[in-house]
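Asks: Supplied structure: data.cif, mmCIF, C-alpha atoms and all ligand atoms.
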data_run
loop_
_atom_site.label_atom_id
_atom_site.label_comp_id
_atom_site.auth_asym_id
_atom_site.auth_seq_id
_atom_site.Cartn_x
_atom_site.Cartn_y
_atom_site.Cartn_z
CA MET T 93 73.63 197.18 121.87
CA THR T 94 71.93 193.93 120.78
CA THR T 95 72.44 191.00 123.14
CA HIS T 96 72.55 187.44 121.85
CA LYS T 97 69.32 185.65 122.60
CA THR T 98 69.71 181.99 123.55
CA LYS T 99 67.70 179.88 121.09
CA ILE T 100 65.63 177.37 123.01
CA ALA T 101 63.81 174.23 121.89
CA VAL T 102 61.18 172.92 124.31
CA VAL T 103 60.45 169.19 124.28
CA GLY T 104 57.18 168.00 125.84
CA ALA T 105 55.92 171.46 124.89
CA SER T 106 52.20 170.69 125.18
CA GLY T 107 52.47 169.38 128.75
CA ARG T 108 51.90 171.21 132.05
CA MET T 109 55.58 172.09 132.38
CA GLY T 110 56.25 172.44 128.64
CA GLN T 111 53.57 175.15 128.41
CA GLU T 112 54.99 176.89 131.45
CA VAL T 113 58.44 176.97 129.85
CA VAL T 114 56.93 178.30 126.60
CA ARG T 115 55.23 181.09 128.60
CA SER T 116 58.42 181.97 130.48
CA VAL T 117 60.51 181.97 127.28
CA LEU T 118 57.99 184.25 125.53
CA HIS T 119 58.16 186.69 128.47
CA ALA T 120 61.97 186.73 128.82
CA ASP T 121 64.13 189.02 126.72
CA ASN T 122 67.36 186.98 126.71
CA VAL T 123 65.91 183.83 125.13
CA GLU T 124 63.98 182.94 121.99
CA LEU T 125 61.70 179.98 121.28
CA VAL T 126 62.84 178.24 118.07
CA ALA T 127 61.18 174.82 118.33
CA ALA T 128 58.44 173.05 120.29
CA LEU T 129 58.47 169.28 120.09
CA THR T 130 56.43 166.30 121.14
CA HIS T 131 55.82 162.73 119.97
CA GLU T 132 54.22 161.53 116.71
CA GLN T 133 50.91 160.50 118.29
CA SER T 134 50.28 163.80 120.06
CA THR T 135 46.80 165.18 119.42
CA SER T 136 48.18 168.73 119.65
CA LEU T 137 50.57 168.45 116.67
CA GLY T 138 50.48 171.50 114.38
CA LEU T 139 49.02 173.87 117.01
CA ASP T 140 50.71 177.19 117.75
CA VAL T 141 52.32 176.67 121.17
CA GLY T 142 51.80 180.33 122.09
CA MET T 143 48.07 179.71 121.73
CA LEU T 144 48.32 176.45 123.69
CA ALA T 145 50.00 178.37 126.51
CA ASN T 146 47.30 181.11 126.45
CA GLU T 147 49.79 183.70 125.28
CA GLY T 148 48.46 184.37 121.77
CA PRO T 149 50.18 183.22 118.58
CA CYS T 150 53.99 182.94 118.68
CA HIS T 151 54.30 181.27 115.24
CA VAL T 152 56.11 178.20 116.61
CA LEU T 153 54.05 175.11 115.87
CA LEU T 154 54.11 171.91 117.92
CA ALA T 155 56.03 169.39 115.81
CA CYS T 156 57.65 165.96 116.00
CA ASP T 157 60.46 166.48 113.49
CA TYR T 158 63.60 166.68 115.62
CA ALA T 159 65.63 168.09 112.68
CA SER T 160 64.43 171.52 113.91
CA LEU T 161 66.91 171.08 116.78
CA GLN T 162 69.51 172.35 114.32
CA GLU T 163 68.08 175.83 114.99
CA ALA T 164 68.54 175.56 118.75
CA ASP T 165 71.40 176.46 121.11
CA VAL T 166 69.91 174.26 123.83
CA VAL T 167 66.96 171.96 124.58
CA ILE T 168 64.75 172.03 127.67
CA ASP T 169 63.10 168.61 127.98
CA PHE T 170 60.05 168.25 130.24
CA ALA T 171 58.56 165.26 128.41
CA THR T 172 57.44 161.98 129.97
CA PRO T 173 59.96 159.18 130.67
CA ALA T 174 58.66 157.06 127.76
CA GLY T 175 60.77 157.82 124.70
CA CYS T 176 63.67 159.30 126.67
CA ALA T 177 66.31 157.10 124.97
CA GLU T 178 65.05 158.06 121.52
CA ARG T 179 65.09 161.76 122.43
CA LEU T 180 68.65 161.46 123.69
CA SER T 181 69.63 159.96 120.35
CA TYR T 182 68.30 163.10 118.60
CA TYR T 183 70.16 165.42 120.99
CA LEU T 184 73.34 163.50 120.17
CA GLU T 185 72.65 163.49 116.44
CA TYR T 186 72.14 167.26 116.36
CA GLN T 187 74.74 167.91 119.09
CA VAL T 188 72.45 170.18 121.04
CA PRO T 189 73.03 170.55 124.80
CA VAL T 190 70.09 169.45 126.93
CA VAL T 191 68.57 170.30 130.29
CA LEU T 192 66.65 167.10 131.05
CA CYS T 193 63.98 167.61 133.73
CA THR T 194 62.01 164.37 133.39
CA THR T 195 61.61 162.25 136.52
CA GLY T 196 60.77 158.57 136.84
CA LEU T 197 63.58 157.60 134.46
CA SER T 198 64.80 153.99 134.47
CA GLN T 199 68.35 152.99 135.34
CA ALA T 200 68.90 152.30 131.64
CA ASP T 201 67.78 155.87 130.82
CA MET T 202 70.17 157.30 133.42
CA GLN T 203 73.00 155.22 131.97
CA ALA T 204 72.10 156.51 128.49
CA CYS T 205 72.31 160.07 129.90
CA ALA T 206 75.76 159.39 131.33
CA LYS T 207 76.88 157.95 127.99
CA ALA T 208 75.46 160.90 126.02
CA SER T 209 77.24 163.34 128.33
CA VAL T 210 80.61 162.04 127.15
CA THR T 211 80.12 164.04 123.96
CA LEU T 212 77.32 166.43 124.93
CA PRO T 213 76.70 168.96 127.71
CA LEU T 214 73.78 167.34 129.60
CA LEU T 215 72.28 168.70 132.78
CA TYR T 216 69.94 166.39 134.68
CA ALA T 217 67.62 168.18 137.10
CA GLU T 218 64.83 166.39 138.94
CA ASN T 219 63.96 169.83 140.38
CA THR T 220 65.07 173.13 138.87
CA SER T 221 64.05 175.36 141.79
CA LEU T 222 66.69 177.06 143.92
CA GLY T 223 64.94 176.09 147.14
CA ALA T 224 64.80 172.35 146.48
CA ASN T 225 68.49 172.31 145.63
CA ALA T 226 69.40 174.28 148.74
CA LEU T 227 67.26 171.87 150.76
CA ARG T 228 69.23 168.91 149.44
CA ILE T 229 72.44 170.39 150.90
CA LEU T 230 70.77 171.21 154.24
CA VAL T 231 69.38 167.69 154.52
CA GLN T 232 72.77 166.14 153.87
CA GLN T 233 74.36 168.33 156.54
CA ALA T 234 71.66 167.72 159.15
CA SER T 235 71.74 163.99 158.50
CA ALA T 236 75.53 163.97 158.98
CA MET T 237 75.11 165.81 162.31
CA LEU T 238 72.40 163.56 163.69
CA GLY T 239 73.68 160.23 162.34
CA GLU T 240 71.54 157.15 162.89
CA GLU T 241 70.09 158.68 166.07
CA ALA T 242 67.44 160.19 163.84
CA ASP T 243 64.66 158.39 162.02
CA ILE T 244 64.38 159.95 158.57
CA GLU T 245 61.10 159.95 156.64
CA ILE T 246 60.20 161.88 153.50
CA LEU T 247 56.69 162.94 152.56
CA GLU T 248 55.92 164.37 149.13
CA ALA T 249 52.66 165.78 147.77
CA HIS T 250 51.77 166.49 144.14
CA HIS T 251 48.83 166.98 141.77
CA THR T 252 46.77 164.03 140.61
CA GLY T 253 48.33 164.06 137.12
CA LYS T 254 51.76 163.04 138.39
CA GLN T 255 52.75 159.60 137.12
CA ASP T 256 55.83 158.66 139.16
CA ALA T 257 56.18 158.06 142.91
CA PRO T 258 58.12 158.82 144.96
CA SER T 259 58.94 162.04 143.14
CA GLY T 260 62.40 162.62 141.71
CA THR T 261 62.99 165.33 144.31
CA ALA T 262 61.99 163.04 147.19
CA LEU T 263 64.47 160.44 145.94
CA ALA T 264 67.22 163.06 145.63
CA LEU T 265 66.51 164.24 149.19
CA GLY T 266 66.66 160.63 150.39
CA LYS T 267 70.00 160.13 148.65
CA ALA T 268 71.34 163.28 150.31
CA ALA T 269 70.17 162.03 153.72
CA ALA T 270 71.77 158.61 153.15
CA GLU T 271 74.99 160.22 151.97
CA GLY T 272 75.04 162.46 155.05
CA ARG T 273 75.09 159.50 157.38
CA GLY T 274 77.34 157.34 155.21
CA GLN T 275 74.74 154.83 154.05
CA GLU T 276 74.14 153.18 150.68
CA PHE T 277 70.79 154.64 149.58
CA GLU T 278 69.64 151.43 147.85
CA GLN T 279 70.20 149.45 151.05
CA VAL T 280 68.18 151.71 153.34
CA ALA T 281 65.45 153.18 151.12
CA GLU T 282 61.89 152.02 151.78
CA LEU T 283 60.23 153.53 148.72
CA HIS T 284 56.66 152.78 149.78
CA ARG T 285 56.58 153.17 153.54
CA ASN T 286 52.88 152.46 153.77
CA ALA T 287 53.05 149.15 151.93
CA ALA T 288 52.44 146.20 154.24
CA GLU T 289 55.86 144.62 153.78
CA THR T 290 57.84 147.74 154.65
CA ALA T 291 57.32 148.11 158.37
CA TYR T 292 59.80 150.38 160.18
CA LYS T 293 63.43 149.31 160.42
CA LYS T 294 66.04 151.32 162.38
CA GLY T 295 68.33 153.22 159.98
CA SER T 296 65.95 153.05 157.02
CA ILE T 297 64.74 156.07 155.04
CA GLY T 298 61.03 155.85 154.32
CA PHE T 299 59.01 157.55 151.60
CA ALA T 300 55.31 158.40 151.60
CA THR T 301 53.28 159.98 148.83
CA LEU T 302 50.16 162.13 148.54
CA ARG T 303 48.38 162.76 145.22
CA ALA T 304 45.67 165.39 145.53
CA GLY T 305 44.08 168.18 143.48
CA ASP T 306 46.43 170.70 141.95
CA ILE T 307 49.32 170.63 144.45
CA ILE T 308 52.33 171.81 142.44
CA GLY T 309 55.06 170.22 144.54
CA GLU T 310 55.74 169.86 148.27
CA HIS T 311 58.43 167.91 150.09
CA THR T 312 59.05 167.47 153.82
CA VAL T 313 62.00 165.62 155.31
CA TYR T 314 61.41 164.57 158.91
CA MET T 315 64.37 163.88 161.18
CA VAL T 316 63.03 162.53 164.43
CA THR T 317 65.00 161.79 167.59
CA LYS T 318 63.78 161.11 171.10
CA ASN T 319 61.47 163.94 172.22
CA GLU T 320 62.26 166.28 169.33
CA ARG T 321 62.11 166.55 165.58
CA LEU T 322 63.30 168.61 162.65
CA GLU T 323 61.00 169.14 159.66
CA PHE T 324 62.50 170.56 156.49
CA THR T 325 59.78 171.67 154.08
CA HIS T 326 59.90 173.06 150.56
CA ARG T 327 56.72 174.17 148.79
CA VAL T 328 56.35 175.52 145.29
CA SER T 329 53.35 177.74 144.61
CA ALA T 330 53.86 178.40 140.87
CA ARG T 331 55.25 176.20 138.06
CA SER T 332 57.03 179.26 136.68
CA THR T 333 59.63 178.62 139.43
CA PHE T 334 60.61 175.37 137.68
CA ALA T 335 60.43 176.96 134.21
CA GLU T 336 62.64 179.91 135.15
CA GLY T 337 65.15 177.60 136.85
CA ALA T 338 65.30 175.46 133.70
CA ILE T 339 65.86 178.52 131.48
CA PHE T 340 68.60 179.80 133.79
CA ALA T 341 70.27 176.37 133.64
CA ALA T 342 69.87 176.19 129.85
CA ARG T 343 71.65 179.51 129.31
CA TRP T 344 74.44 178.37 131.67
CA LEU T 345 74.77 175.06 129.81
CA THR T 346 75.41 176.71 126.44
CA ARG T 347 78.77 177.90 127.83
CA LYS T 348 79.88 174.42 128.94
CA ASN T 349 81.82 171.58 127.37
CA ALA T 350 80.50 168.03 127.19
CA GLY T 351 79.81 166.60 130.65
CA PHE T 352 77.14 165.51 133.11
CA TYR T 353 75.94 168.48 135.15
CA ARG T 354 73.51 169.02 138.03
CA MET T 355 71.69 172.11 139.34
CA ASN T 356 74.32 172.46 142.06
CA ASP T 357 76.86 173.19 139.34
CA VAL T 358 74.65 176.03 138.11
CA LEU T 359 73.52 177.48 141.42
CA ARG T 360 76.62 176.72 143.49
CA VAL T 361 74.29 176.21 146.45
CA ASP T 362 76.86 173.85 147.93
CA ALA T 363 79.32 176.72 148.18
CA CYS T 364 76.55 179.06 149.39
CA THR T 365 77.30 181.45 146.54
CA ARG T 366 74.79 182.44 143.89
CA ILE T 367 75.69 183.25 140.32
CA PRO T 368 73.98 186.62 139.71
N1 LIG G 401 62.69 169.08 137.05
C1 LIG G 401 61.68 169.78 137.51
O1 LIG G 401 61.85 170.83 138.14
C2 LIG G 401 60.30 169.28 137.23
C3 LIG G 401 60.13 168.09 136.60
N2 LIG G 401 58.89 167.67 136.24
C4 LIG G 401 58.83 166.43 135.48
O2 LIG G 401 58.57 166.76 134.12
C5 LIG G 401 57.86 165.71 133.49
C6 LIG G 401 56.62 166.27 132.82
O3 LIG G 401 55.71 166.75 133.79
P1 LIG G 401 54.33 167.42 133.37
O4 LIG G 401 54.58 168.57 132.47
O5 LIG G 401 53.55 167.62 134.60
O6 LIG G 401 53.68 166.21 132.53
P2 LIG G 401 52.64 166.25 131.32
O7 LIG G 401 52.08 164.87 131.20
O8 LIG G 401 51.70 167.39 131.49
O9 LIG G 401 53.55 166.57 130.03
C7 LIG G 401 54.37 165.65 129.41
C8 LIG G 401 54.42 165.99 127.94
O10 LIG G 401 55.32 165.10 127.28
C9 LIG G 401 54.77 164.77 126.01
N3 LIG G 401 55.35 163.51 125.57
C10 LIG G 401 54.94 162.24 125.86
N4 LIG G 401 55.77 161.35 125.28
C11 LIG G 401 56.70 162.07 124.61
C12 LIG G 401 57.82 161.73 123.81
N5 LIG G 401 58.16 160.45 123.57
N6 LIG G 401 58.54 162.71 123.26
C13 LIG G 401 58.23 164.00 123.48
N7 LIG G 401 57.18 164.39 124.23
C14 LIG G 401 56.44 163.44 124.80
C15 LIG G 401 53.26 164.70 126.25
O11 LIG G 401 52.57 164.93 125.05
P3 LIG G 401 51.00 164.53 124.88
O12 LIG G 401 50.28 165.20 126.00
O13 LIG G 401 50.63 165.07 123.57
O14 LIG G 401 50.94 163.04 124.96
C16 LIG G 401 53.06 165.83 127.25
O15 LIG G 401 52.77 167.04 126.59
C17 LIG G 401 57.57 164.69 134.60
O16 LIG G 401 58.55 163.68 134.56
C18 LIG G 401 57.70 165.51 135.87
O17 LIG G 401 58.01 164.77 137.01
C19 LIG G 401 57.77 168.41 136.52
C20 LIG G 401 57.88 169.60 137.18
C21 LIG G 401 59.15 170.13 137.61
O1 LIG G 402 55.67 166.13 138.34
C1 LIG G 402 55.76 167.22 138.94
O2 LIG G 402 54.85 168.04 138.93
C2 LIG G 402 57.01 167.51 139.65
N1 LIG G 402 58.01 166.68 139.51
C3 LIG G 402 59.31 166.82 140.02
C4 LIG G 402 59.69 165.64 140.89
O3 LIG G 402 59.28 164.50 140.58
O4 LIG G 402 60.40 165.83 141.87
C5 LIG G 402 59.59 168.16 140.64
C6 LIG G 402 58.40 168.85 141.26
O5 LIG G 402 58.22 168.42 142.55
C7 LIG G 402 57.14 168.76 140.42
#
Could you rewrite the structure in this file as structure tokens?
Ligand SMILES: NC(=O)C1=CN([C@@H]2O[C@H](COP(=O)(O)OP(=O)(O)OC[C@H]3O[C@@H](n4cnc5c(N)ncnc54)[C@H](OP(=O)(O)O)[C@@H]3O)[C@@H](O)[C@H]2O)C=CC1
Ligand SMILES: O=C(O)C1=N[C@H](C(=O)O)C[C@H](O)C1
Replies:
Amino acid sequence: MTTHKTKIAVVGASGRMGQEVVRSVLHADNVELVAALTHEQSTSLGLDVGMLANEGPCHVLLACDYASLQEADVVIDFATPAGCAERLSYYLEYQVPVVLCTTGLSQADMQACAKASVTLPLLYAENTSLGANALRILVQQASAMLGEEADIEILEAHHTGKQDAPSGTALALGKAAAEGRGQEFEQVAELHRNAAETAYKKGSIGFATLRAGDIIGEHTVYMVTKNERLEFTHRVSARSTFAEGAIFAARWLTRKNAGFYRMNDVLRVDACTRIP
């Protein structure tokens, strides 16, 4: 019996994550790589993305003509925030569902995502790993239990190539913590805890950032009360974790109607049930 292979286009395909997704797609038997896209100025245009990803030729060349999206069932976008609005316009034009994994997006970009999702299945994932999404639920629950008794601080560590800070995952964890104790995130978030003007305030949620070497992605949420503390830590030791999560989400998204989706919808971690 031949099974239908999901046809995947990877956007940002020459980047750290783009190459990881290419590798994972080439190794999986239920998906097929049909396009690999980047921007017009990319120095890697025209290269075989299989070669770029150290997998040998796969006969898909890095391109910037988004008309090739017509071949795809779904897009996985791990490109940089710059150009996000333009990319969304292509996904709308070619009506191709998208798993958007870019962090550091502006409010305007997020509004454009919401607007696009009126007519397109769009899944926004600042972190496609199972563990980070489970952690978000645990943090919300613990924060609800402890209330404002606990000081909450979030520390994230990433490789030196990361452009945005705090990370998208750290912000999502902070939002979950604020939600848990019934706070408005924007009112309590101290995004740069170590900056001089953001000294400790009771009830705030502080963020601190490390950028060092090749750390793939680590997040710790501290909940500290008098004489004791909880530390919730998630560490990723291979980028393939993110790539495989994105592919899993992409296949799921091809069966959905237009709408704005999150990893929780895919993984059902909130209901503590996994889709096999
Ligand atoms: N959701 C998740 O689980 C994860 C999300 N991320 C996020 O993914 C994003 C990419 O991370 P990473 O791979 O490390 O970054 P990289 O800088 O390695 O890759 C980004 C890629 O995007 C390409 N690019 C730049 N501008 C455009 C554009 N306008 N259109 C299309 N492609 C473009 C770049 O091409 P060129 O190099 O040729 O300029 C580059 O290849 C970040 O926002 C990061 O935070 C990362 C890991 C996990
Ligand atoms: O840029 C990265 O590398 C990562 N970015 C995501 C984020 O900003 O949360 C997810 C992961 O931590 C790796």
Asks: Can you tell me which residues sit at most 9 Å away from ligand LIG 401 (chain G), counting only C-alpha atoms and all ligand atoms, written as a PyMOL selection string?
Replies: chain T and resi 103-112+129-137+156+169-179+192-197+216-221+224+251+253-256+259-261+308-309+331+333-335+337-338
Asks: Identify which of the residues T:Ala262, T:Val313, T:Ala270, T:Ala304 lies closest to ligand LIG 402 (chain G), counting all atoms listed in the file when measuring atom-to-atom distances.
Replies: T:Ala262
Asks: So, counting only C-alpha atoms and all ligand atoms, which residue among T:His250, T:Glu282, T:Asn356, T:Thr317 is closest to ligand LIG 402 (chain G)?
Replies: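 Among T:His250, T:Glu282, T:Asn356, T:Thr317, it is T:His250 that comes nearest to ligand LIG 402 (chain G).
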Asks: Find the residue from T:Lys99, T:Arg285, T:Lys293, T:Lys267 that sits nearest to Val166 of chain T; use only C-alpha atoms when measuring.
Replies: T:Lys99
Asks: In terms of the shortest atom-to-atom distance over all atoms listed in the file, which of T:Leu222, T:Ala350, T:Val190, T:Ala234 is closest to ligand LIG 402 (chain G)?
Replies: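 Distance minimum relative to ligand LIG 402 (chain G) lands on T:Leu222.
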Asks: What is the distance, in Å and to one decimal place, between atom CA of Val358 of chain T and atom CA of Pro189 of chain T?
Replies: 14.5 Å
Asks: Which value, in Å to one decimal, gives the distance between atom CA of Gly351 of chain T and atom CA of Ala128 of chain T?
Replies: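 Those two atoms sit 24.6 Å apart.
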Asks: Pick the closest to ligand LIG 402 (chain G) from T:Ile307, T:Leu359, T:Leu215, T:Val117: which is it, counting only C-alpha atoms and all ligand atoms?
Replies: T:Ile307
Asks: Name the residues in contact with segment 298-300 of chain T at a cut-off of 8 Å, using only C-alpha atoms, excluding same-chain residues fewer than 4 positions from it; report them as a list of chain:residue names.
Replies: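 The filter keeps T:Ile244, T:Glu245, T:Ile246, T:Leu247, T:Glu248, T:Pro258, T:Ala262, T:Ala281, T:Glu282, T:Leu283, T:His284, T:Arg285, T:Asn286.
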Asks: Near Ser181 of chain T, counting only C-alpha atoms, which residues have an atom at most 10 Å away, once you skip same-chain residues fewer than 4 positions from it, shown as a ChimeraX atom specification?
Replies: /T:176-177,185-187,204-205,208
Asks: Just give me the gap between atom CA of Thr98 of chain T and atom CA of Asp357 of chain T in Å, one decimal is fine.
Replies: 19.4 Å
